[in-house]
>>> print(open('final_39.tsv').read())   # TSV, C-alpha atoms
chain	number	residue	atom	x	y	z
N	292	MET	CA	73.15	-88.02	78.06
N	293	SER	CA	70.81	-90.80	77.03
N	294	ASN	CA	68.69	-90.42	73.95
N	295	LYS	CA	66.02	-92.72	75.42
N	296	SER	CA	62.62	-91.33	76.26
N	297	ARG	CA	60.74	-91.89	79.49
N	298	ASN	CA	59.22	-95.07	78.05
N	299	GLY	CA	62.70	-96.43	77.24
N	300	GLN	CA	62.30	-96.04	73.49
N	301	PRO	CA	64.86	-94.11	71.42
N	302	GLY	CA	64.06	-90.42	71.09
N	303	LEU	CA	65.69	-87.25	69.87
N	304	ALA	CA	68.43	-85.40	71.64
N	305	ASP	CA	66.81	-83.05	74.12
N	306	PRO	CA	67.03	-79.46	72.77
N	307	THR	CA	65.84	-78.09	76.12
N	308	THR	CA	69.33	-78.82	77.50
N	309	LEU	CA	71.12	-76.55	75.02
N	310	LYS	CA	72.60	-73.30	76.31
N	311	PRO	CA	70.43	-70.23	75.60
N	312	PHE	CA	73.23	-68.23	73.99
N	313	LYS	CA	75.85	-69.17	71.44
N	314	LYS	CA	79.28	-69.49	73.04
N	315	LYS	CA	81.12	-66.15	73.31
N	316	SER	CA	78.25	-64.35	71.58
N	317	ASP	CA	75.06	-62.42	72.21
N	318	LEU	CA	73.25	-64.57	69.66
N	319	LEU	CA	70.21	-66.24	71.17
N	320	ARG	CA	69.67	-69.93	70.49
N	321	VAL	CA	66.05	-70.59	69.44
N	322	VAL	CA	64.63	-74.10	69.00
N	323	VAL	CA	61.87	-73.84	66.39
N	324	GLU	CA	58.75	-75.84	67.12
N	325	THR	CA	56.30	-74.47	64.54
N	326	PRO	CA	57.29	-73.13	61.11
N	327	LYS	CA	56.04	-69.88	59.61
N	328	GLY	CA	52.87	-70.42	57.56
N	329	SER	CA	51.98	-73.68	59.30
N	330	ARG	CA	48.49	-74.48	60.52
N	331	ASN	CA	49.98	-77.32	62.57
N	332	LYS	CA	51.17	-76.35	66.07
N	333	TYR	CA	54.05	-78.55	67.16
N	334	ALA	CA	55.58	-78.77	70.64
N	335	PHE	CA	58.63	-80.54	71.99
N	336	ASP	CA	57.76	-83.18	74.59
N	337	ALA	CA	60.82	-83.33	76.87
N	338	ASP	CA	59.65	-86.55	78.56
N	339	GLU	CA	59.23	-88.45	75.30
N	340	LYS	CA	62.03	-86.55	73.52
N	341	VAL	CA	59.96	-86.02	70.37
N	342	PHE	CA	58.08	-83.24	68.66
N	343	THR	CA	54.34	-83.77	68.86
N	344	LEU	CA	51.40	-82.30	66.99
N	345	LYS	CA	49.62	-80.17	69.58
N	346	ARG	CA	46.77	-78.90	67.40
N	347	VAL	CA	45.69	-77.94	63.91
N	348	LEU	CA	44.61	-74.34	63.43
N	349	PRO	CA	41.40	-73.62	61.51
N	350	GLU	CA	41.41	-72.89	57.79
N	351	GLY	CA	42.65	-69.35	57.14
N	352	MET	CA	44.78	-69.16	60.31
N	353	ALA	CA	48.52	-69.87	60.28
N	354	PHE	CA	51.59	-68.94	62.28
N	355	PRO	CA	52.86	-65.57	61.00
N	356	TYR	CA	56.53	-66.42	61.68
N	357	ASP	CA	58.53	-69.36	63.02
N	358	PHE	CA	57.66	-69.98	66.66
N	359	GLY	CA	59.89	-71.68	69.18
N	360	PHE	CA	61.54	-71.46	72.57
N	361	VAL	CA	64.71	-70.53	74.41
N	362	PRO	CA	66.32	-73.63	75.98
N	363	ARG	CA	67.06	-73.77	79.71
N	364	THR	CA	64.42	-71.18	80.58
N	365	GLU	CA	61.13	-71.49	82.40
N	366	ALA	CA	58.45	-68.85	81.94
N	367	ASP	CA	55.66	-68.11	84.40
N	368	ASP	CA	53.38	-70.56	82.55
N	369	GLY	CA	55.82	-73.43	83.25
N	370	ASP	CA	57.04	-73.74	79.65
N	371	PRO	CA	60.31	-72.44	78.19
N	372	LEU	CA	60.21	-68.81	77.04
N	373	ASP	CA	58.38	-68.44	73.72
N	374	VAL	CA	60.06	-66.77	70.74
N	375	LEU	CA	58.59	-65.36	67.56
N	376	LEU	CA	61.42	-65.65	65.03
N	377	LEU	CA	61.53	-63.12	62.19
N	378	MET	CA	63.09	-64.42	58.97
N	379	GLU	CA	62.21	-64.79	55.29
N	380	GLU	CA	61.59	-68.52	55.01
N	381	PRO	CA	60.27	-71.13	57.44
N	382	VAL	CA	62.49	-73.82	58.92
N	383	PHE	CA	61.53	-77.27	60.20
N	384	PRO	CA	60.52	-78.27	63.75
N	385	GLY	CA	63.64	-78.95	65.80
N	386	CYS	CA	65.87	-76.62	63.83
N	387	VAL	CA	68.12	-74.46	66.01
N	388	ALA	CA	68.48	-70.88	64.81
N	389	PHE	CA	70.92	-68.28	66.11
N	390	CYS	CA	69.18	-64.95	66.50
N	391	ARG	CA	69.49	-61.35	67.50
N	392	LEU	CA	67.06	-60.42	70.25
N	393	VAL	CA	64.98	-57.34	69.34
N	394	GLY	CA	62.33	-57.23	72.05
N	395	VAL	CA	59.41	-58.77	73.85
N	396	ILE	CA	55.65	-58.67	73.57
N	397	GLU	CA	54.57	-58.71	77.20
N	398	GLY	CA	51.33	-60.62	77.57
N	399	GLU	CA	48.86	-61.92	80.08
N	400	GLU	CA	46.86	-65.08	79.52
N	401	THR	CA	43.59	-65.72	81.34
N	402	SER	CA	42.44	-69.34	81.52
N	403	LYS	CA	38.84	-70.57	81.33
N	404	ASP	CA	38.66	-70.58	85.13
N	405	GLY	CA	39.86	-66.96	85.35
N	406	GLU	CA	43.45	-67.67	86.44
N	407	LYS	CA	45.88	-65.09	85.05
N	408	VAL	CA	49.49	-65.86	84.15
N	409	ARG	CA	52.18	-63.90	82.31
N	410	ASN	CA	52.93	-65.35	78.90
N	411	ASP	CA	55.47	-63.11	77.20
N	412	ARG	CA	56.69	-63.65	73.64
N	413	LEU	CA	60.27	-62.76	72.83
N	414	VAL	CA	60.89	-61.40	69.33
N	415	ALA	CA	64.17	-62.20	67.58
N	416	VAL	CA	65.69	-61.91	64.10
N	417	GLU	CA	67.60	-64.86	62.62
N	418	GLN	CA	71.25	-63.85	62.19
N	419	GLY	CA	71.24	-64.26	58.38
N	420	CYS	CA	67.88	-62.58	57.74
N	421	ARG	CA	68.14	-59.89	55.07
N	422	VAL	CA	64.65	-58.36	55.36
N	423	TYR	CA	65.07	-57.45	59.03
N	424	SER	CA	68.87	-57.07	59.04
N	425	GLU	CA	68.64	-53.42	60.19
N	426	LEU	CA	65.97	-54.03	62.86
N	427	LYS	CA	67.39	-53.39	66.33
N	428	ASP	CA	64.19	-52.92	68.35
N	429	VAL	CA	60.75	-54.55	67.98
N	430	LYS	CA	59.20	-51.08	68.27
N	431	GLU	CA	60.70	-50.28	64.84
N	432	LEU	CA	58.32	-52.77	63.17
N	433	PRO	CA	55.39	-51.22	61.29
N	434	LYS	CA	52.39	-50.67	63.57
N	435	ALA	CA	50.10	-52.62	61.21
N	436	LEU	CA	52.41	-55.67	61.38
N	437	MET	CA	52.59	-55.49	65.20
N	438	GLN	CA	48.78	-55.31	65.33
N	439	GLN	CA	48.51	-58.42	63.14
N	440	ILE	CA	50.95	-60.31	65.37
N	441	GLU	CA	49.04	-59.26	68.50
N	442	ASP	CA	45.75	-60.28	66.84
N	443	PHE	CA	47.20	-63.70	66.03
N	444	PHE	CA	48.03	-64.38	69.70
N	445	VAL	CA	44.62	-63.13	70.85
N	446	ASN	CA	42.80	-65.39	68.35
N	447	TYR	CA	45.12	-68.36	68.97
N	448	ASN	CA	44.34	-68.28	72.70
N	449	ARG	CA	40.64	-67.72	72.13
N	450	MET	CA	40.46	-71.14	70.42
N	451	ASP	CA	41.36	-72.73	73.79
N	452	GLY	CA	38.83	-70.62	75.66
N	453	LYS	CA	41.60	-68.36	76.99
N	454	LYS	CA	42.07	-64.63	76.72
N	455	PHE	CA	45.36	-63.03	75.74
N	456	ARG	CA	46.02	-59.39	76.47
N	457	VAL	CA	49.08	-57.46	75.34
N	458	LEU	CA	50.51	-55.54	78.28
N	459	GLY	CA	53.26	-53.81	76.37
N	460	VAL	CA	55.99	-54.06	73.77
N	461	LYS	CA	59.54	-53.53	75.01
N	462	GLY	CA	62.98	-53.48	73.45
N	463	PRO	CA	65.95	-55.85	73.57
N	464	ASP	CA	67.29	-54.77	76.98
N	465	VAL	CA	64.03	-55.71	78.73
N	466	ALA	CA	63.90	-58.95	76.72
N	467	ARG	CA	67.45	-59.85	77.78
N	468	ARG	CA	66.61	-59.23	81.45
N	469	LEU	CA	63.57	-61.49	81.06
N	470	ILE	CA	65.78	-64.30	79.71
N	471	ASP	CA	68.22	-63.88	82.60
N	472	LYS	CA	65.33	-64.02	85.10
N	473	GLN	CA	63.74	-67.09	83.49
N	474	ARG	CA	67.09	-68.90	83.25
N	475	ALA	CA	67.34	-68.60	87.02
N	476	ALA	CA	63.84	-70.07	87.35
N	477	ALA	CA	64.65	-73.12	85.18
>>> encode(input="final_39.tsv", output="C-alpha cells")
Amino acid sequence: MSNKSRNGQPGLADPTTLKPFKKKSDLLRVVVETPKGSRNKYAFDADEKVFTLKRVLPEGMAFPYDFGFVPRTEADDGDPLDVLLLMEEPVFPGCVAFCRLVGVIEGEETSKDGEKVRNDRLVAVEQGCRVYSELKDVKELPKALMQQIEDFFVNYNRMDGKKFRVLGVKGPDVARRLIDKQRAAA
C-alpha cells in the first residue's frame, strides 16, 4: 500500500482500510476524527490521506465526546459509519480506539433542498473506560445526557442549513446489524 496521496505527495496511512473489528474479538475499531471538547471538526480525506479541518464550531459549542468512524463501512450518506465514542478523556485525530458497541442513535438528515438521508450515529465505549465500564446498552444512559447528545446533533446540522431528526435509539444488536449491512455496502 502506497502512502502517497492523490497528488503524489506523501500522506498518512489510510485508516479507512483497517478492518472494522479487532482480530478474534467483538471490539469495534474506531478511527477518531474529532476529540471530545473540541470546537474544531476534523475529517479524514481518503484521497489526500490527511486529516483536514472541516469547520470551527461557534463559541459555546463543542463535541460532547470523541467522534469518529468505523473503517470499511459506507453509510447511506456516502461516508463511513459515524461513531460517538464514550470515554473519560479525549484522544487525538487519527487515534484508533478499540471499543464495545452499546447502540445506535438512528437519525434522518434533511438537506437544504429537502432531500432526506439516513445518518445514524453508533455509540461505543472505549475498552478501558472506567466511567462507562458497566454500560451494556445506550438506553441505560441517563435521559438528560441522551437529550443533550441529541440536541448537539440537531444544532450541529442546523449550522449547515440541514435538519436532523432522531428516529430512535436502539441497542447493540441493532447497531451490530447496521455495521454488517454497511460493510457490505462499502
>>> closest_residue(input="final_39.tsv", among="N:Ala366, N:Ile440, N:Val393, N:Val465", to="N:Leu319", atoms="only C-alpha atoms")
N:Val393
>>> residues_around(input="final_39.tsv", residues="N:Ser424", least_positions_apart="5", cutoff="10 Å", atoms="only C-alpha atoms", output="list in words")
Met378, Arg391, Val416, Glu417, Gln418 and Gly419 of chain N
>>> closest_residue(input="final_39.tsv", among="N:Phe342, N:Phe444, N:Phe335, N:Phe312", to="N:Arg363", atoms="only C-alpha atoms")
N:Phe312
>>> closest_residue(input="final_39.tsv", among="N:Asp464, N:Glu441, N:Asp428, N:Asp357", to="N:Cys386", atoms="all atoms listed in the file")
N:Asp357
>>> closest_residue(input="final_39.tsv", among="N:Val387, N:Val382, N:Lys332, N:Leu348", to="N:Thr307", atoms="only C-alpha atoms")
N:Val387
>>> residues_around(input="final_39.tsv", residues="N:Lys453", least_positions_apart="5", cutoff="10 Å", atoms="only C-alpha atoms", output="MDAnalysis selection string")
chainID N and resid 400:407 445:448
>>> write_last_selection(input="final_39.tsv", atoms="C-alpha atoms", output="PDB file, in the frame of the given file")
ATOM      1  CA  GLU N 400      46.860 -65.080  79.520  1.00  0.00           C
ATOM      2  CA  THR N 401      43.590 -65.720  81.340  1.00  0.00           C
ATOM      3  CA  SER N 402      42.440 -69.340  81.520  1.00  0.00           C
ATOM      4  CA  LYS N 403      38.840 -70.570  81.330  1.00  0.00           C
ATOM      5  CA  ASP N 404      38.660 -70.580  85.130  1.00  0.00           C
ATOM      6  CA  GLY N 405      39.860 -66.960  85.350  1.00  0.00           C
ATOM      7  CA  GLU N 406      43.450 -67.670  86.440  1.00  0.00           C
ATOM      8  CA  LYS N 407      45.880 -65.090  85.050  1.00  0.00           C
ATOM      9  CA  VAL N 445      44.620 -63.130  70.850  1.00  0.00           C
ATOM     10  CA  ASN N 446      42.800 -65.390  68.350  1.00  0.00           C
ATOM     11  CA  TYR N 447      45.120 -68.360  68.970  1.00  0.00           C
ATOM     12  CA  ASN N 448      44.340 -68.280  72.700  1.00  0.00           C
TER      13      ASN N 448
END
>>> closest_residue(input="final_39.tsv", among="N:Pro306, N:Gly351, N:Gly459, N:Pro326", to="N:Gly394", atoms="all atoms listed in the file")
N:Gly459
>>> closest_residue(input="final_39.tsv", among="N:Glu397, N:Asp442, N:Asp338, N:Glu379", to="N:Tyr356", atoms="only C-alpha atoms")
N:Glu379
>>> atom_distance(input="final_39.tsv", atom1="atom CA of N:Leu392", atom2="atom CA of N:Leu436")
17.8 Å
>>> atom_distance(input="final_39.tsv", atom1="atom CA of N:Ala466", atom2="atom CA of N:Pro362")
14.9 Å
>>> residues_around(input="final_39.tsv", residues="N:Lys313", least_positions_apart="2", cutoff="12 Å", atoms="only C-alpha atoms", output="count of residues only")
18
>>> residues_around(input="final_39.tsv", residues="N:Lys345", least_positions_apart="6", cutoff="12 Å", atoms="only C-alpha atoms", output="number ranges by chain")
N: 324-325, 330-336, 451
>>> write_last_selection(input="final_39.tsv", atoms="C-alpha atoms", output="mmCIF file, in the frame of the given file")
data_model
loop_
_atom_site.group_PDB
_atom_site.id
_atom_site.type_symbol
_atom_site.label_atom_id
_atom_site.label_comp_id
_atom_site.auth_asym_id
_atom_site.auth_seq_id
_atom_site.Cartn_x
_atom_site.Cartn_y
_atom_site.Cartn_z
ATOM 1 C CA GLU N 324 58.750 -75.840 67.120
ATOM 2 C CA THR N 325 56.300 -74.470 64.540
ATOM 3 C CA ARG N 330 48.490 -74.480 60.520
ATOM 4 C CA ASN N 331 49.980 -77.320 62.570
ATOM 5 C CA LYS N 332 51.170 -76.350 66.070
ATOM 6 C CA TYR N 333 54.050 -78.550 67.160
ATOM 7 C CA ALA N 334 55.580 -78.770 70.640
ATOM 8 C CA PHE N 335 58.630 -80.540 71.990
ATOM 9 C CA ASP N 336 57.760 -83.180 74.590
ATOM 10 C CA ASP N 451 41.360 -72.730 73.790
#
>>> atom_distance(input="final_39.tsv", atom1="atom CA of N:Arg449", atom2="atom CA of N:Asp373")
17.8 Å
>>> residues_near_point(input="final_39.tsv", point="(49.9, -61.1, 75.2)", cutoff="6 Å", atoms="all atoms listed in the file", output="VMD selection string")
chain N and resid 397 to 399 455 to 457
>>> residues_around(input="final_39.tsv", residues="N:Asp367", least_positions_apart="6", cutoff="7 Å", atoms="only C-alpha atoms", output="PyMOL selection string")
chain N and resi 408-410
>>> decode(input="final_39.tsv", residues="stretch 324-468 of chain N", atoms="C-alpha atoms", output="PDB file, in the first residue's frame")
ATOM      1  CA  GLU N 324     -11.549  12.331  13.788  1.00  0.00           C
ATOM      2  CA  THR N 325     -12.665  14.938  16.334  1.00  0.00           C
ATOM      3  CA  PRO N 326     -11.731  14.895  20.034  1.00  0.00           C
ATOM      4  CA  LYS N 327     -14.154  15.417  22.890  1.00  0.00           C
ATOM      5  CA  GLY N 328     -14.407  19.098  23.857  1.00  0.00           C
ATOM      6  CA  SER N 329     -13.107  20.340  20.502  1.00  0.00           C
ATOM      7  CA  ARG N 330     -14.720  23.174  18.584  1.00  0.00           C
ATOM      8  CA  ASN N 331     -12.719  22.094  15.533  1.00  0.00           C
ATOM      9  CA  LYS N 332     -14.390  19.437  13.352  1.00  0.00           C
ATOM     10  CA  TYR N 333     -11.786  17.296  11.617  1.00  0.00           C
ATOM     11  CA  ALA N 334     -12.382  14.763   8.845  1.00  0.00           C
ATOM     12  CA  PHE N 335     -10.129  12.233   7.171  1.00  0.00           C
ATOM     13  CA  ASP N 336      -9.668  12.916   3.454  1.00  0.00           C
ATOM     14  CA  ALA N 337      -9.046   9.487   1.907  1.00  0.00           C
ATOM     15  CA  ASP N 338      -7.901  10.969  -1.421  1.00  0.00           C
ATOM     16  CA  GLU N 339      -5.250  13.193   0.155  1.00  0.00           C
ATOM     17  CA  LYS N 340      -4.571  10.782   3.049  1.00  0.00           C
ATOM     18  CA  VAL N 341      -4.617  13.558   5.650  1.00  0.00           C
ATOM     19  CA  PHE N 342      -6.912  14.860   8.344  1.00  0.00           C
ATOM     20  CA  THR N 343      -8.415  18.201   7.381  1.00  0.00           C
ATOM     21  CA  LEU N 344     -10.157  20.930   9.333  1.00  0.00           C
ATOM     22  CA  LYS N 345     -13.750  20.775   8.136  1.00  0.00           C
ATOM     23  CA  ARG N 346     -15.162  23.617  10.246  1.00  0.00           C
ATOM     24  CA  VAL N 347     -14.916  25.516  13.511  1.00  0.00           C
ATOM     25  CA  LEU N 348     -17.973  25.394  15.741  1.00  0.00           C
ATOM     26  CA  PRO N 349     -19.250  28.631  17.289  1.00  0.00           C
ATOM     27  CA  GLU N 350     -18.196  29.752  20.759  1.00  0.00           C
ATOM     28  CA  GLY N 351     -20.001  27.715  23.408  1.00  0.00           C
ATOM     29  CA  MET N 352     -20.481  24.637  21.198  1.00  0.00           C
ATOM     30  CA  ALA N 353     -18.117  21.660  21.331  1.00  0.00           C
ATOM     31  CA  PHE N 354     -18.187  17.944  20.616  1.00  0.00           C
ATOM     32  CA  PRO N 355     -19.581  16.172  23.704  1.00  0.00           C
ATOM     33  CA  TYR N 356     -17.444  13.048  23.159  1.00  0.00           C
ATOM     34  CA  ASP N 357     -14.818  11.827  20.712  1.00  0.00           C
ATOM     35  CA  PHE N 358     -16.336  11.438  17.259  1.00  0.00           C
ATOM     36  CA  GLY N 359     -15.044   9.153  14.545  1.00  0.00           C
ATOM     37  CA  PHE N 360     -15.869   6.407  12.098  1.00  0.00           C
ATOM     38  CA  VAL N 361     -15.825   2.666  11.527  1.00  0.00           C
ATOM     39  CA  PRO N 362     -13.372   1.753   8.742  1.00  0.00           C
ATOM     40  CA  ARG N 363     -14.508  -0.230   5.689  1.00  0.00           C
ATOM     41  CA  THR N 364     -18.137   0.850   6.054  1.00  0.00           C
ATOM     42  CA  GLU N 365     -20.281   3.118   3.936  1.00  0.00           C
ATOM     43  CA  ALA N 366     -23.397   4.705   5.412  1.00  0.00           C
ATOM     44  CA  ASP N 367     -26.375   5.949   3.421  1.00  0.00           C
ATOM     45  CA  ASP N 368     -24.822   9.443   3.283  1.00  0.00           C
ATOM     46  CA  GLY N 369     -21.754   8.055   1.457  1.00  0.00           C
ATOM     47  CA  ASP N 370     -19.377   8.440   4.412  1.00  0.00           C
ATOM     48  CA  PRO N 371     -18.143   5.712   6.764  1.00  0.00           C
ATOM     49  CA  LEU N 372     -20.457   4.986   9.706  1.00  0.00           C
ATOM     50  CA  ASP N 373     -20.201   7.670  12.392  1.00  0.00           C
ATOM     51  CA  VAL N 374     -19.368   6.756  15.991  1.00  0.00           C
ATOM     52  CA  LEU N 375     -19.783   8.718  19.192  1.00  0.00           C
ATOM     53  CA  LEU N 376     -17.096   7.312  21.497  1.00  0.00           C
ATOM     54  CA  LEU N 377     -17.742   7.414  25.246  1.00  0.00           C
ATOM     55  CA  MET N 378     -14.615   7.701  27.382  1.00  0.00           C
ATOM     56  CA  GLU N 379     -13.174   9.952  30.087  1.00  0.00           C
ATOM     57  CA  GLU N 380     -10.512  11.866  28.168  1.00  0.00           C
ATOM     58  CA  PRO N 381     -10.222  12.998  24.558  1.00  0.00           C
ATOM     59  CA  VAL N 382      -7.735  11.447  22.153  1.00  0.00           C
ATOM     60  CA  PHE N 383      -6.127  12.977  19.067  1.00  0.00           C
ATOM     61  CA  PRO N 384      -7.387  12.877  15.460  1.00  0.00           C
ATOM     62  CA  GLY N 385      -6.243   9.660  13.813  1.00  0.00           C
ATOM     63  CA  CYS N 386      -6.075   7.662  17.025  1.00  0.00           C
ATOM     64  CA  VAL N 387      -7.567   4.181  16.724  1.00  0.00           C
ATOM     65  CA  ALA N 388      -9.596   3.090  19.740  1.00  0.00           C
ATOM     66  CA  PHE N 389     -10.944  -0.389  20.429  1.00  0.00           C
ATOM     67  CA  CYS N 390     -14.490  -0.174  21.716  1.00  0.00           C
ATOM     68  CA  ARG N 391     -17.510  -2.035  22.920  1.00  0.00           C
ATOM     69  CA  LEU N 392     -20.587  -1.276  20.846  1.00  0.00           C
ATOM     70  CA  VAL N 393     -23.545  -0.198  23.022  1.00  0.00           C
ATOM     71  CA  GLY N 394     -26.079   1.047  20.497  1.00  0.00           C
ATOM     72  CA  VAL N 395     -27.104   3.431  17.770  1.00  0.00           C
ATOM     73  CA  ILE N 396     -28.888   6.749  17.541  1.00  0.00           C
ATOM     74  CA  GLU N 397     -30.950   6.343  14.391  1.00  0.00           C
ATOM     75  CA  GLY N 398     -31.229   9.660  12.599  1.00  0.00           C
ATOM     76  CA  GLU N 399     -32.519  11.306   9.480  1.00  0.00           C
ATOM     77  CA  GLU N 400     -30.846  14.319   7.928  1.00  0.00           C
ATOM     78  CA  THR N 401     -32.737  16.685   5.631  1.00  0.00           C
ATOM     79  CA  SER N 402     -30.617  18.851   3.332  1.00  0.00           C
ATOM     80  CA  LYS N 403     -31.353  22.448   2.329  1.00  0.00           C
ATOM     81  CA  ASP N 404     -33.077  21.194  -0.831  1.00  0.00           C
ATOM     82  CA  GLY N 405     -35.331  18.841   1.152  1.00  0.00           C
ATOM     83  CA  GLU N 406     -33.525  15.584   0.344  1.00  0.00           C
ATOM     84  CA  LYS N 407     -33.704  13.119   3.240  1.00  0.00           C
ATOM     85  CA  VAL N 408     -30.977  10.594   4.046  1.00  0.00           C
ATOM     86  CA  ARG N 409     -30.367   8.286   6.998  1.00  0.00           C
ATOM     87  CA  ASN N 410     -27.428   9.401   9.108  1.00  0.00           C
ATOM     88  CA  ASP N 411     -27.168   7.070  12.086  1.00  0.00           C
ATOM     89  CA  ARG N 412     -24.629   7.524  14.883  1.00  0.00           C
ATOM     90  CA  LEU N 413     -23.215   4.427  16.526  1.00  0.00           C
ATOM     91  CA  VAL N 414     -22.442   4.723  20.232  1.00  0.00           C
ATOM     92  CA  ALA N 415     -19.482   2.821  21.670  1.00  0.00           C
ATOM     93  CA  VAL N 416     -17.463   2.694  24.898  1.00  0.00           C
ATOM     94  CA  GLU N 417     -13.654   2.601  24.749  1.00  0.00           C
ATOM     95  CA  GLN N 418     -12.458  -0.732  26.150  1.00  0.00           C
ATOM     96  CA  GLY N 419     -10.514   0.828  29.053  1.00  0.00           C
ATOM     97  CA  CYS N 420     -13.143   3.393  30.059  1.00  0.00           C
ATOM     98  CA  ARG N 421     -13.913   3.243  33.776  1.00  0.00           C
ATOM     99  CA  VAL N 422     -16.897   5.621  33.914  1.00  0.00           C
ATOM    100  CA  TYR N 423     -18.972   3.588  31.447  1.00  0.00           C
ATOM    101  CA  SER N 424     -17.419   0.169  32.168  1.00  0.00           C
ATOM    102  CA  GLU N 425     -20.796  -1.302  33.202  1.00  0.00           C
ATOM    103  CA  LEU N 426     -22.784   0.221  30.311  1.00  0.00           C
ATOM    104  CA  LYS N 427     -24.076  -2.515  28.001  1.00  0.00           C
ATOM    105  CA  ASP N 428     -26.858  -0.652  26.166  1.00  0.00           C
ATOM    106  CA  VAL N 429     -27.129   3.006  25.106  1.00  0.00           C
ATOM    107  CA  LYS N 430     -30.650   3.055  26.573  1.00  0.00           C
ATOM    108  CA  GLU N 431     -29.052   2.757  30.046  1.00  0.00           C
ATOM    109  CA  LEU N 432     -27.590   6.280  29.720  1.00  0.00           C
ATOM    110  CA  PRO N 433     -29.387   8.975  31.729  1.00  0.00           C
ATOM    111  CA  LYS N 434     -32.247  10.536  29.755  1.00  0.00           C
ATOM    112  CA  ALA N 435     -30.852  14.056  30.310  1.00  0.00           C
ATOM    113  CA  LEU N 436     -27.492  13.034  28.796  1.00  0.00           C
ATOM    114  CA  MET N 437     -29.183  11.408  25.778  1.00  0.00           C
ATOM    115  CA  GLN N 438     -31.229  14.581  25.252  1.00  0.00           C
ATOM    116  CA  GLN N 439     -28.058  16.695  25.303  1.00  0.00           C
ATOM    117  CA  ILE N 440     -26.394  14.403  22.753  1.00  0.00           C
ATOM    118  CA  GLU N 441     -29.462  14.536  20.502  1.00  0.00           C
ATOM    119  CA  ASP N 442     -29.577  18.343  20.858  1.00  0.00           C
ATOM    120  CA  PHE N 443     -25.923  18.556  19.830  1.00  0.00           C
ATOM    121  CA  PHE N 444     -26.581  16.718  16.551  1.00  0.00           C
ATOM    122  CA  VAL N 445     -29.688  18.808  15.840  1.00  0.00           C
ATOM    123  CA  ASN N 446     -27.774  22.070  16.399  1.00  0.00           C
ATOM    124  CA  TYR N 447     -24.662  20.858  14.560  1.00  0.00           C
ATOM    125  CA  ASN N 448     -26.703  20.118  11.428  1.00  0.00           C
ATOM    126  CA  ARG N 449     -28.679  23.335  11.711  1.00  0.00           C
ATOM    127  CA  MET N 450     -25.430  25.291  11.205  1.00  0.00           C
ATOM    128  CA  ASP N 451     -25.238  23.803   7.675  1.00  0.00           C
ATOM    129  CA  GLY N 452     -28.880  24.577   6.960  1.00  0.00           C
ATOM    130  CA  LYS N 453     -29.818  20.919   7.487  1.00  0.00           C
ATOM    131  CA  LYS N 454     -32.314  19.336   9.832  1.00  0.00           C
ATOM    132  CA  PHE N 455     -31.508  16.315  11.971  1.00  0.00           C
ATOM    133  CA  ARG N 456     -34.272  14.227  13.470  1.00  0.00           C
ATOM    134  CA  VAL N 457     -33.760  11.347  15.874  1.00  0.00           C
ATOM    135  CA  LEU N 458     -35.795   8.363  14.708  1.00  0.00           C
ATOM    136  CA  GLY N 459     -34.951   6.107  17.614  1.00  0.00           C
ATOM    137  CA  VAL N 460     -32.313   4.802  19.972  1.00  0.00           C
ATOM    138  CA  LYS N 461     -31.525   1.099  19.722  1.00  0.00           C
ATOM    139  CA  GLY N 462     -29.221  -1.309  21.494  1.00  0.00           C
ATOM    140  CA  PRO N 463     -26.026  -3.107  20.496  1.00  0.00           C
ATOM    141  CA  ASP N 464     -27.664  -5.905  18.469  1.00  0.00           C
ATOM    142  CA  VAL N 465     -29.288  -3.418  16.072  1.00  0.00           C
ATOM    143  CA  ALA N 466     -26.020  -1.454  15.914  1.00  0.00           C
ATOM    144  CA  ARG N 467     -24.070  -4.601  15.016  1.00  0.00           C
ATOM    145  CA  ARG N 468     -26.533  -5.450  12.233  1.00  0.00           C
TER     146      ARG N 468
END
